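File shown: my_file-v8.cif. Contents: mmCIF, C-alpha atoms.
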```cif
data_run
loop_
_atom_site.label_atom_id
_atom_site.label_comp_id
_atom_site.auth_asym_id
_atom_site.auth_seq_id
_atom_site.Cartn_x
_atom_site.Cartn_y
_atom_site.Cartn_z
CA MET A 5 -70.49 -28.27 160.37
CA THR A 6 -73.86 -27.30 161.95
CA HIS A 7 -76.99 -27.05 159.83
CA ALA A 8 -76.96 -23.24 160.13
CA LEU A 9 -73.30 -23.00 159.10
CA ARG A 10 -73.85 -25.38 156.18
CA ARG A 11 -76.83 -23.30 155.04
CA ARG A 12 -74.80 -20.07 155.15
CA TRP A 13 -71.92 -21.73 153.25
CA LEU A 14 -74.25 -23.02 150.52
CA LEU A 15 -75.91 -19.63 150.15
CA GLY A 16 -72.52 -17.94 149.86
CA ALA A 17 -71.27 -20.47 147.32
CA THR A 18 -74.46 -20.12 145.27
CA ALA A 19 -74.22 -16.33 145.29
CA ALA A 20 -70.60 -16.53 144.21
CA SER A 21 -71.46 -18.90 141.37
CA PHE A 22 -74.09 -16.46 140.10
CA ALA A 23 -71.78 -13.48 140.56
CA THR A 24 -68.89 -14.96 138.56
CA PRO A 25 -70.52 -14.56 135.09
CA PHE A 26 -71.57 -11.01 135.91
CA LEU A 27 -68.04 -10.15 137.10
CA ALA A 28 -66.67 -11.66 133.87
CA GLN A 29 -69.14 -9.64 131.82
CA ALA A 30 -68.17 -6.49 133.71
CA ALA A 31 -64.50 -7.17 133.03
CA PHE A 32 -65.29 -7.78 129.34
CA ALA A 33 -67.27 -4.53 129.20
CA GLN A 34 -64.29 -2.64 130.59
CA ASP A 35 -62.05 -4.20 127.94
CA LYS A 36 -64.55 -3.73 125.14
CA TYR A 37 -62.96 -2.95 121.77
CA PRO A 38 -62.27 -0.32 120.67
CA LYS A 39 -61.15 1.88 123.54
CA GLY A 40 -59.14 4.33 121.44
CA PRO A 41 -58.21 5.41 117.91
CA ILE A 42 -57.63 2.86 115.15
CA LYS A 43 -54.93 3.35 112.54
CA LEU A 44 -55.70 2.22 108.97
CA VAL A 45 -52.36 2.01 107.17
CA LEU A 46 -52.41 2.49 103.39
CA GLY A 47 -49.38 1.55 101.30
CA PHE A 48 -50.08 4.21 98.68
CA ALA A 49 -49.85 8.00 98.39
CA PRO A 50 -52.74 10.37 99.15
CA GLY A 51 -55.08 11.50 96.39
CA GLY A 52 -55.56 8.35 94.33
CA ILE A 53 -58.62 6.15 94.19
CA THR A 54 -57.13 3.70 96.71
CA ASP A 55 -56.72 6.58 99.17
CA ILE A 56 -60.29 7.71 98.53
CA LEU A 57 -61.66 4.23 99.20
CA ALA A 58 -59.52 3.84 102.32
CA ARG A 59 -60.97 7.07 103.68
CA LEU A 60 -64.52 5.98 102.89
CA THR A 61 -63.85 2.76 104.79
CA ALA A 62 -62.33 4.67 107.71
CA ALA A 63 -65.36 6.97 107.87
CA ARG A 64 -67.67 3.96 107.97
CA LEU A 65 -65.73 2.38 110.85
CA GLU A 66 -65.66 5.68 112.75
CA SER A 67 -69.44 5.91 112.56
CA ALA A 68 -70.02 2.27 113.47
CA LEU A 69 -67.43 1.90 116.25
CA LYS A 70 -67.69 5.43 117.69
CA THR A 71 -63.94 5.97 117.66
CA GLN A 72 -61.44 7.84 115.50
CA VAL A 73 -60.03 5.91 112.52
CA ILE A 74 -56.92 7.53 111.09
CA VAL A 75 -55.68 6.79 107.56
CA ASP A 76 -51.88 6.57 107.64
CA ASN A 77 -50.33 6.77 104.14
CA ARG A 78 -47.04 4.90 103.86
CA PRO A 79 -46.32 4.61 100.13
CA GLY A 80 -43.52 2.72 98.48
CA ALA A 81 -42.48 -0.62 96.97
CA GLY A 82 -45.91 -1.39 95.57
CA GLY A 83 -47.54 -1.10 98.99
CA ASN A 84 -44.97 -3.34 100.70
CA ILE A 85 -43.67 -0.64 103.05
CA GLY A 86 -47.07 -0.05 104.61
CA ALA A 87 -47.89 -3.75 104.69
CA ALA A 88 -44.62 -4.61 106.44
CA ALA A 89 -45.29 -1.98 109.12
CA VAL A 90 -48.68 -3.54 109.89
CA ALA A 91 -47.27 -7.08 109.84
CA ARG A 92 -44.85 -6.06 112.63
CA SER A 93 -47.47 -4.26 114.72
CA THR A 94 -49.25 -5.54 117.83
CA PRO A 95 -52.22 -7.77 116.87
CA ASP A 96 -54.77 -5.93 119.00
CA GLY A 97 -57.10 -4.48 116.35
CA TYR A 98 -55.73 -0.95 116.62
CA THR A 99 -53.50 -1.16 113.53
CA LEU A 100 -55.10 -2.37 110.30
CA PHE A 101 -53.97 -2.51 106.68
CA PHE A 102 -55.83 -1.27 103.61
CA GLY A 103 -54.30 -3.23 100.76
CA ALA A 104 -54.71 -4.03 97.09
CA LEU A 105 -54.20 -6.96 94.75
CA GLY A 106 -50.42 -6.47 94.79
CA THR A 107 -49.89 -6.65 98.54
CA ALA A 108 -52.12 -9.70 98.90
CA VAL A 109 -51.10 -11.64 95.80
CA THR A 110 -48.82 -10.39 93.05
CA ASN A 111 -45.98 -8.60 94.86
CA GLN A 112 -44.63 -11.93 96.10
CA PHE A 113 -44.01 -12.89 92.47
CA ILE A 114 -42.43 -9.55 91.53
CA PHE A 115 -40.23 -8.52 94.47
CA ALA A 116 -37.18 -10.66 95.26
CA ASN A 117 -37.01 -9.71 98.95
CA MET A 118 -40.49 -9.43 100.42
CA PRO A 119 -40.49 -7.74 103.87
CA PHE A 120 -43.42 -9.84 105.06
CA ASP A 121 -44.98 -13.24 104.49
CA THR A 122 -48.09 -12.67 102.42
CA ALA A 123 -49.92 -15.76 103.65
CA ASN A 124 -48.87 -15.96 107.30
CA ASP A 125 -48.39 -12.40 108.60
CA PHE A 126 -51.99 -11.23 108.13
CA THR A 127 -55.54 -12.19 109.00
CA PRO A 128 -58.11 -11.28 106.31
CA VAL A 129 -60.81 -8.88 107.50
CA ALA A 130 -63.00 -7.84 104.56
CA LEU A 131 -63.21 -7.20 100.83
CA VAL A 132 -64.11 -3.63 99.95
CA ALA A 133 -64.18 -2.85 96.22
CA SER A 134 -62.68 -3.48 92.82
CA VAL A 135 -61.33 -0.85 90.45
CA PRO A 136 -61.14 -1.43 86.69
CA ASN A 137 -58.32 -0.03 84.63
CA ALA A 138 -58.53 1.08 81.01
CA LEU A 139 -56.47 0.52 77.88
CA LEU A 140 -55.78 4.04 76.60
CA VAL A 141 -54.23 5.54 73.49
CA HIS A 142 -53.23 9.08 72.55
CA LYS A 143 -55.78 10.78 70.28
CA ASP A 144 -53.38 10.64 67.30
CA VAL A 145 -52.96 6.86 67.46
CA PRO A 146 -55.02 5.59 64.50
CA ALA A 147 -56.39 2.52 66.31
CA LYS A 148 -60.04 2.87 67.31
CA THR A 149 -60.48 -0.66 68.66
CA ILE A 150 -58.35 -3.20 70.50
CA GLN A 151 -58.12 -5.33 67.36
CA GLU A 152 -56.84 -2.34 65.41
CA LEU A 153 -54.26 -1.60 68.12
CA VAL A 154 -53.05 -5.21 68.07
CA ALA A 155 -52.71 -5.03 64.28
CA LEU A 156 -50.87 -1.71 64.52
CA VAL A 157 -48.41 -3.03 67.10
CA LYS A 158 -47.79 -6.18 65.05
CA SER A 159 -47.09 -4.05 61.97
CA LYS A 160 -44.31 -2.24 63.89
CA PRO A 161 -42.45 -5.01 65.73
CA GLY A 162 -40.32 -3.69 68.56
CA GLN A 163 -41.19 -0.05 67.83
CA MET A 164 -44.16 0.75 70.07
CA THR A 165 -44.23 1.26 73.84
CA TYR A 166 -46.86 1.51 76.52
CA GLY A 167 -46.87 3.13 79.95
CA ALA A 168 -47.97 1.63 83.26
CA ALA A 169 -47.68 3.05 86.76
CA GLY A 170 -45.10 0.80 88.39
CA LEU A 171 -43.16 -2.32 87.48
CA GLY A 172 -45.22 -5.29 88.63
CA SER A 173 -48.23 -3.09 89.36
CA SER A 174 -51.77 -4.17 88.55
CA THR A 175 -51.73 -2.01 85.41
CA HIS A 176 -48.44 -3.53 84.26
CA LEU A 177 -49.73 -7.06 84.83
CA ALA A 178 -53.06 -6.24 83.15
CA MET A 179 -51.19 -5.20 80.00
CA GLU A 180 -48.87 -8.20 80.15
CA LEU A 181 -51.96 -10.44 80.31
CA LEU A 182 -53.36 -8.68 77.23
CA LYS A 183 -50.04 -9.12 75.41
CA THR A 184 -50.01 -12.83 76.24
CA GLU A 185 -53.58 -13.28 75.01
CA THR A 186 -53.20 -11.29 71.78
CA GLY A 187 -49.58 -12.01 70.86
CA MET A 188 -48.64 -8.37 70.43
CA GLN A 189 -45.12 -7.28 71.34
CA ILE A 190 -45.12 -3.84 72.93
CA GLU A 191 -42.45 -2.67 75.39
CA ASN A 192 -43.31 -1.53 78.90
CA VAL A 193 -42.16 1.89 80.12
CA PRO A 194 -42.62 1.85 83.91
CA TYR A 195 -43.65 5.07 85.64
CA LYS A 196 -43.45 5.89 89.35
CA GLY A 197 -47.05 7.05 89.32
CA SER A 198 -50.03 7.98 87.20
CA ALA A 199 -49.28 11.71 87.19
CA LEU A 200 -46.11 11.43 85.11
CA LEU A 201 -47.65 8.79 82.88
CA GLN A 202 -50.61 11.05 82.22
CA GLN A 203 -48.34 13.94 81.23
CA ASP A 204 -46.47 11.83 78.70
CA LEU A 205 -49.65 10.26 77.31
CA LEU A 206 -51.28 13.67 76.81
CA ALA A 207 -48.11 14.99 75.14
CA GLY A 208 -47.93 11.95 72.86
CA ARG A 209 -44.54 10.90 74.20
CA ILE A 210 -46.10 7.54 75.07
CA PRO A 211 -48.73 6.30 72.59
CA VAL A 212 -50.43 3.63 74.73
CA ALA A 213 -51.14 3.25 78.43
CA MET A 214 -52.88 0.94 80.87
CA ASP A 215 -54.00 2.90 83.90
CA SER A 216 -56.75 3.79 86.34
CA ILE A 217 -59.90 5.17 84.73
CA SER A 218 -60.52 7.85 87.35
CA ILE A 219 -57.17 9.57 86.74
CA HIS A 220 -57.75 9.93 82.99
CA LEU A 221 -61.52 10.37 82.87
CA PRO A 222 -61.54 14.14 82.14
CA HIS A 223 -59.16 13.64 79.21
CA ILE A 224 -61.13 10.67 77.90
CA ARG A 225 -64.23 12.83 77.91
CA SER A 226 -62.41 15.72 76.22
CA GLY A 227 -61.07 13.45 73.49
CA ALA A 228 -57.41 14.02 74.32
CA VAL A 229 -57.02 10.29 74.95
CA ARG A 230 -59.19 7.40 73.85
CA ALA A 231 -60.26 4.40 75.92
CA LEU A 232 -60.35 1.20 73.86
CA GLY A 233 -61.45 -1.16 76.60
CA VAL A 234 -61.77 -1.68 80.35
CA THR A 235 -60.23 -4.54 82.32
CA SER A 236 -63.26 -5.55 84.40
CA PRO A 237 -65.70 -8.34 83.47
CA THR A 238 -68.50 -5.75 83.27
CA ARG A 239 -68.44 -2.23 81.84
CA ALA A 240 -67.16 0.53 84.10
CA PRO A 241 -69.78 2.86 85.62
CA ASP A 242 -67.86 5.93 84.39
CA LEU A 243 -67.44 4.60 80.84
CA PRO A 244 -70.67 2.80 79.94
CA ASP A 245 -70.01 3.16 76.18
CA VAL A 246 -66.53 1.61 76.34
CA PRO A 247 -66.54 -2.19 75.93
CA THR A 248 -64.77 -4.54 78.27
CA ILE A 249 -61.63 -6.16 76.89
CA ALA A 250 -63.43 -9.47 77.38
CA GLU A 251 -66.32 -8.56 75.10
CA ALA A 252 -64.23 -6.63 72.56
CA ALA A 253 -61.22 -8.87 72.05
CA VAL A 254 -60.30 -11.50 74.67
CA PRO A 255 -63.16 -13.61 76.07
CA GLY A 256 -62.75 -14.23 79.79
CA TYR A 257 -60.26 -11.38 80.29
CA ASP A 258 -60.42 -10.06 83.88
CA ALA A 259 -57.74 -7.86 85.44
CA VAL A 260 -59.24 -5.60 88.08
CA VAL A 261 -57.56 -4.23 91.18
CA TRP A 262 -59.41 -5.29 94.30
CA LEU A 263 -59.05 -3.65 97.67
CA TYR A 264 -59.34 -5.15 101.12
CA VAL A 265 -58.71 -4.72 104.84
CA ALA A 266 -56.43 -7.05 106.81
CA ALA A 267 -55.08 -7.20 110.36
CA PRO A 268 -51.85 -8.58 111.78
CA ALA A 269 -51.86 -12.34 112.29
CA LYS A 270 -53.14 -13.47 115.71
CA THR A 271 -55.56 -10.55 116.07
CA PRO A 272 -58.40 -11.86 118.30
CA PRO A 273 -61.15 -13.50 116.22
CA GLU A 274 -63.93 -11.54 117.92
CA ILE A 275 -62.28 -8.29 116.76
CA ILE A 276 -61.87 -9.66 113.23
CA LYS A 277 -65.55 -10.62 113.16
CA LEU A 278 -66.68 -7.20 114.40
CA LEU A 279 -64.56 -5.35 111.84
CA SER A 280 -65.58 -7.70 109.04
CA ASN A 281 -69.28 -7.28 109.76
CA GLU A 282 -69.10 -3.49 110.00
CA ILE A 283 -67.06 -3.04 106.82
CA ALA A 284 -69.19 -5.45 104.79
CA SER A 285 -72.47 -3.89 105.96
CA GLY A 286 -71.04 -0.46 105.17
CA VAL A 287 -70.08 -1.45 101.63
CA ARG A 288 -73.60 -2.85 101.13
CA SER A 289 -75.21 0.45 102.18
CA ASP A 290 -76.74 2.63 99.47
CA GLU A 291 -74.71 5.63 100.62
CA MET A 292 -71.32 3.96 100.42
CA GLN A 293 -72.15 2.22 97.15
CA ALA A 294 -73.10 5.54 95.57
CA LYS A 295 -69.88 7.17 96.78
CA MET A 296 -67.77 4.27 95.47
CA ARG A 297 -69.41 4.30 92.06
CA SER A 298 -68.98 8.08 91.84
CA VAL A 299 -65.18 7.61 91.81
CA GLY A 300 -65.24 4.66 89.39
CA ALA A 301 -65.03 1.83 91.93
CA ILE A 302 -67.27 -1.23 92.00
CA PRO A 303 -68.48 -2.22 95.50
CA MET A 304 -67.29 -5.72 96.44
CA PRO A 305 -68.48 -6.54 99.97
CA GLY A 306 -67.00 -9.71 101.41
CA SER A 307 -66.42 -11.28 104.82
CA SER A 308 -63.12 -12.40 106.29
CA GLU A 309 -63.77 -15.93 105.04
CA GLU A 310 -64.72 -14.72 101.56
CA LEU A 311 -61.56 -12.58 101.38
CA ALA A 312 -59.43 -15.57 102.37
CA ARG A 313 -60.95 -17.69 99.59
CA HIS A 314 -60.57 -14.84 97.10
CA ILE A 315 -56.87 -14.39 97.93
CA SER A 316 -56.28 -18.11 97.50
CA ALA A 317 -57.98 -18.25 94.09
CA GLU A 318 -56.32 -15.06 92.85
CA THR A 319 -52.88 -16.30 93.94
CA VAL A 320 -53.24 -19.35 91.70
CA ARG A 321 -54.58 -17.30 88.77
CA TRP A 322 -51.99 -14.51 88.87
CA LYS A 323 -49.07 -16.90 89.37
CA LYS A 324 -49.96 -18.41 86.00
CA ILE A 325 -50.21 -14.95 84.41
CA VAL A 326 -46.85 -13.82 85.81
CA ASP A 327 -45.17 -17.04 84.67
CA ALA A 328 -46.70 -16.75 81.19
CA ALA A 329 -45.42 -13.17 80.90
CA GLY A 330 -41.93 -14.30 81.86
CA LEU A 331 -41.68 -11.81 84.73
CA LYS A 332 -39.00 -12.54 87.33
CA PRO A 333 -38.56 -11.16 90.87
CA GLU A 334 -36.30 -8.10 91.01
#
```
Could you take the file, read its structure, and then write that structure out as structure tokens?
Amino acid sequence: MTHALRRRWLLGATAASFATPFLAQAAFAQDKYPKGPIKLVLGFAPGGITDILARLTAARLESALKTQVIVDNRPGAGGNIGAAAVARSTPDGYTLFFGALGTAVTNQFIFANMPFDTANDFTPVALVASVPNALLVHKDVPAKTIQELVALVKSKPGQMTYGAAGLGSSTHLAMELLKTETGMQIENVPYKGSALLQQDLLAGRIPVAMDSISIHLPHIRSGAVRALGVTSPTRAPDLPDVPTIAEAAVPGYDAVVWLYVAAPAKTPPEIIKLLSNEIASGVRSDEMQAKMRSVGAIPMPGSSEELARHISAETVRWKKIVDAAGLKPE
């Protein structure tokens, strides 16, 4: 090879070596996520607090990612129907799941035939919020405190019932935890949703209930029902005068519903990181925190790694609670 030819070859090779990273960057830019709408699947019906928080999260992602984020309600089986649909979807970041405590932790202990593997079919994305429930009684129930309710139930063994929205739901398990800690024997009447439970509680057909605060707040304020305690470690923003169950009766009691976003397993880690960062920063914003608190939720920002650790710890804790309550998969 002549000197001139060698020089031209070296120049060409050098140019190509510099061009390769730029070509790779151009290809990456063309494939930049997201290129189209994202679907956020929710395993619960429209209108409830979980739906409200899912839509707040979707709005945040729309603003941050400059693409449409559609909330797709697929209720049923304690959120399992929606979760199973996401578990089977393509792991490309365009189908996400907005879940709750049940779908991440407790459903596996309650349902005999789970349609997905809780630990292996999802990649954690971000924690979003927690939602306290409340121990409620009809206005004619003489108990004014949790201790008085426990005494009343114990004075009528096998006679009193309580309502919770769904067998194995967070409200059911919260009450079973309270029963275990206080020794009271009160029979569960499972409801398909809070609407029917609320009707029966207001009519006095069910004397006691464990349910979401936001659903019953107008009737608590009117005096039609009475809140004896809330299930969170700190007092609920909507009910600052109502003690926590922990401070009123059972030290250390904690039974909140927490909400999160997950993606199908094997979703690319760079997409998980992007989504995690945007959701967490959104939850930390003053605007989103104010909106969450206005509907009775407590902001709970957390990264993908923090969500993974939280799921692990909660799985151990709730397994013990379920076993202590004697609940078996059905």
Using all atoms listed in the file, tabulate the residues of range 117-205 of chain A lying at most 12 Å from any atom of range 92-96 of chain A, each with its closest atom pair and that distance in Å to one decimal, by chain and increasing residue number, as a tab-separated table.
```
residue	atom	partner	partner_atom	distance
A:Pro119	CA	A:Arg92	CA	9.9
A:Phe120	CA	A:Arg92	CA	8.6
A:Asp121	CA	A:Arg92	CA	10.9
A:Asn124	CA	A:Arg92	CA	11.9
A:Asp125	CA	A:Arg92	CA	8.3
A:Phe126	CA	A:Pro95	CA	9.4
A:Thr127	CA	A:Pro95	CA	9.6
```
Selection to disk with C-alpha atoms, as a PDB file, in the coordinates of the input:
```pdb
ATOM      1  CA  PRO A 119     -40.490  -7.740 103.870  1.00  0.00           C
ATOM      2  CA  PHE A 120     -43.420  -9.840 105.060  1.00  0.00           C
ATOM      3  CA  ASP A 121     -44.980 -13.240 104.490  1.00  0.00           C
ATOM      4  CA  ASN A 124     -48.870 -15.960 107.300  1.00  0.00           C
ATOM      5  CA  ASP A 125     -48.390 -12.400 108.600  1.00  0.00           C
ATOM      6  CA  PHE A 126     -51.990 -11.230 108.130  1.00  0.00           C
ATOM      7  CA  THR A 127     -55.540 -12.190 109.000  1.00  0.00           C
TER       8      THR A 127
END
```
If the PyMOL selection byres ((chain A and resi 280-296) around 10) is run on the structure shown, which residues does it catch, given as an NGL selection string?
-> :A and (53 or 56-57 or 60-65 or 67-69 or 128-135 or 264-266 or 274-279 or 297-309 or 311)
Distance query range 192-208 of chain A at most 7 Å, all atoms listed in the file, self and fewer than 2 positions along chain excluded, as a list in words |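 Neighbouring residues, sequence-local ones excluded: His142, Thr165, Tyr166, Gly167, Ala168, Ala169, Gly170, Leu171, Ile190, Ile210, Pro211, Ala228 and Val229 of chain A.
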Between CA of Leu243 in chain A and CA of Gly187 in chain A, what is the distance, to one decimal in Å?
->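 If I compute the distance from CA of Leu243 in chain A to CA of Gly187 in chain A, I get 26.4 Å.
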In the coordinate frame of the file, compute which residues have an atom within 12 Å of (-52.0, -10.9, 75.9) when using all atoms listed in the file, and state them as a PyMOL selection string.
-> chain A and resi 150-151+154+176-190+249-250+253-259+325-326+328-329
Point-to-point distance from CA of Pro50 in chain A to CA of Ala81 in chain A, Å rounded to tenths = 15.2 Å
Taking only C-alpha atoms into account, which of A:Ala88, A:Ala123, A:Met164, A:Val141 comes nearest Ile224 in chain A?
-> A:Val141
Hey, can I get the axis-aligned box for range 243-261 of chain A? All listed atoms, 3 Å padding on each side, centre and edge lengths in Å to one decimal, as JSON.
```
{"center_x": -64.1, "center_y": -4.8, "center_z": 81.6, "size_x": 19.1, "size_y": 24.8, "size_z": 25.1}
```
9 Å contact set for Thr122 in chain A, all atoms listed in the file, chain neighbours under 4 positions out, as a list in words |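 Result of the neighbour search: Thr107, Ala108, Val109, Asn111, Gln112, Met118 and Phe126 of chain A.
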Which residues are close to Ala104 in chain A, i.e. within 6 Å by only C-alpha atoms, leaving aside same-chain residues fewer than 2 positions away? Reply as an mmCIF file with C-alpha atoms, in the frame of the given file.
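Output file around-v4.cif follows:
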```
data_model
loop_
_atom_site.group_PDB
_atom_site.id
_atom_site.type_symbol
_atom_site.label_atom_id
_atom_site.label_comp_id
_atom_site.auth_asym_id
_atom_site.auth_seq_id
_atom_site.Cartn_x
_atom_site.Cartn_y
_atom_site.Cartn_z
ATOM 1 C CA GLY A 106 -50.420 -6.470 94.790
ATOM 2 C CA THR A 107 -49.890 -6.650 98.540
ATOM 3 C CA TRP A 262 -59.410 -5.290 94.300
ATOM 4 C CA LEU A 263 -59.050 -3.650 97.670
#
```
So, counting only C-alpha atoms, which residue among A:His223, A:Leu100, A:Leu232, A:Thr248 is closest to Pro146 in chain A?
-> A:Leu232
What is the distance between CA of Arg230 in chain A and CA of Lys143 in chain A, in Å to one decimal?
->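 We find that CA of Arg230 in chain A and CA of Lys143 in chain A lie 6.0 Å from each other.
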From the list A:Gly172, A:Ile217, A:Thr238, A:Ala269, which residue is nearest Phe113 in chain A when using only C-alpha atoms?
->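 Once distances to Phe113 in chain A are computed over only C-alpha atoms, the minimum belongs to A:Gly172.
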Pick out the closest residue to Pro222 in chain A from this set: A:Thr71, A:Tyr98, A:Ala252, A:Asp242. Count all atoms listed in the file.
->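 Once distances to Pro222 in chain A are computed over all atoms listed in the file, the minimum belongs to A:Asp242.
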What's the 6 Å shell around Asn137 in chain A, counting only C-alpha atoms, without same-chain residues fewer than 5 positions away, as JSON, numbers by chain?
-> {"A": [215, 216, 217, 234, 235]}
Generate a file of the selected residues that holds C-alpha atoms, formatted as a PDB file, in the coordinates of the input.
```pdb
ATOM      1  CA  ASP A 215     -54.000   2.900  83.900  1.00  0.00           C
ATOM      2  CA  SER A 216     -56.750   3.790  86.340  1.00  0.00           C
ATOM      3  CA  ILE A 217     -59.900   5.170  84.730  1.00  0.00           C
ATOM      4  CA  VAL A 234     -61.770  -1.680  80.350  1.00  0.00           C
ATOM      5  CA  THR A 235     -60.230  -4.540  82.320  1.00  0.00           C
TER       6      THR A 235
END
```
So, counting only C-alpha atoms, which residue among A:Arg78, A:Ala58, A:Ala240, A:Thr99 is closest to Pro38 in chain A?
->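 Result for the nearest residue to Pro38 in chain A: A:Thr99.
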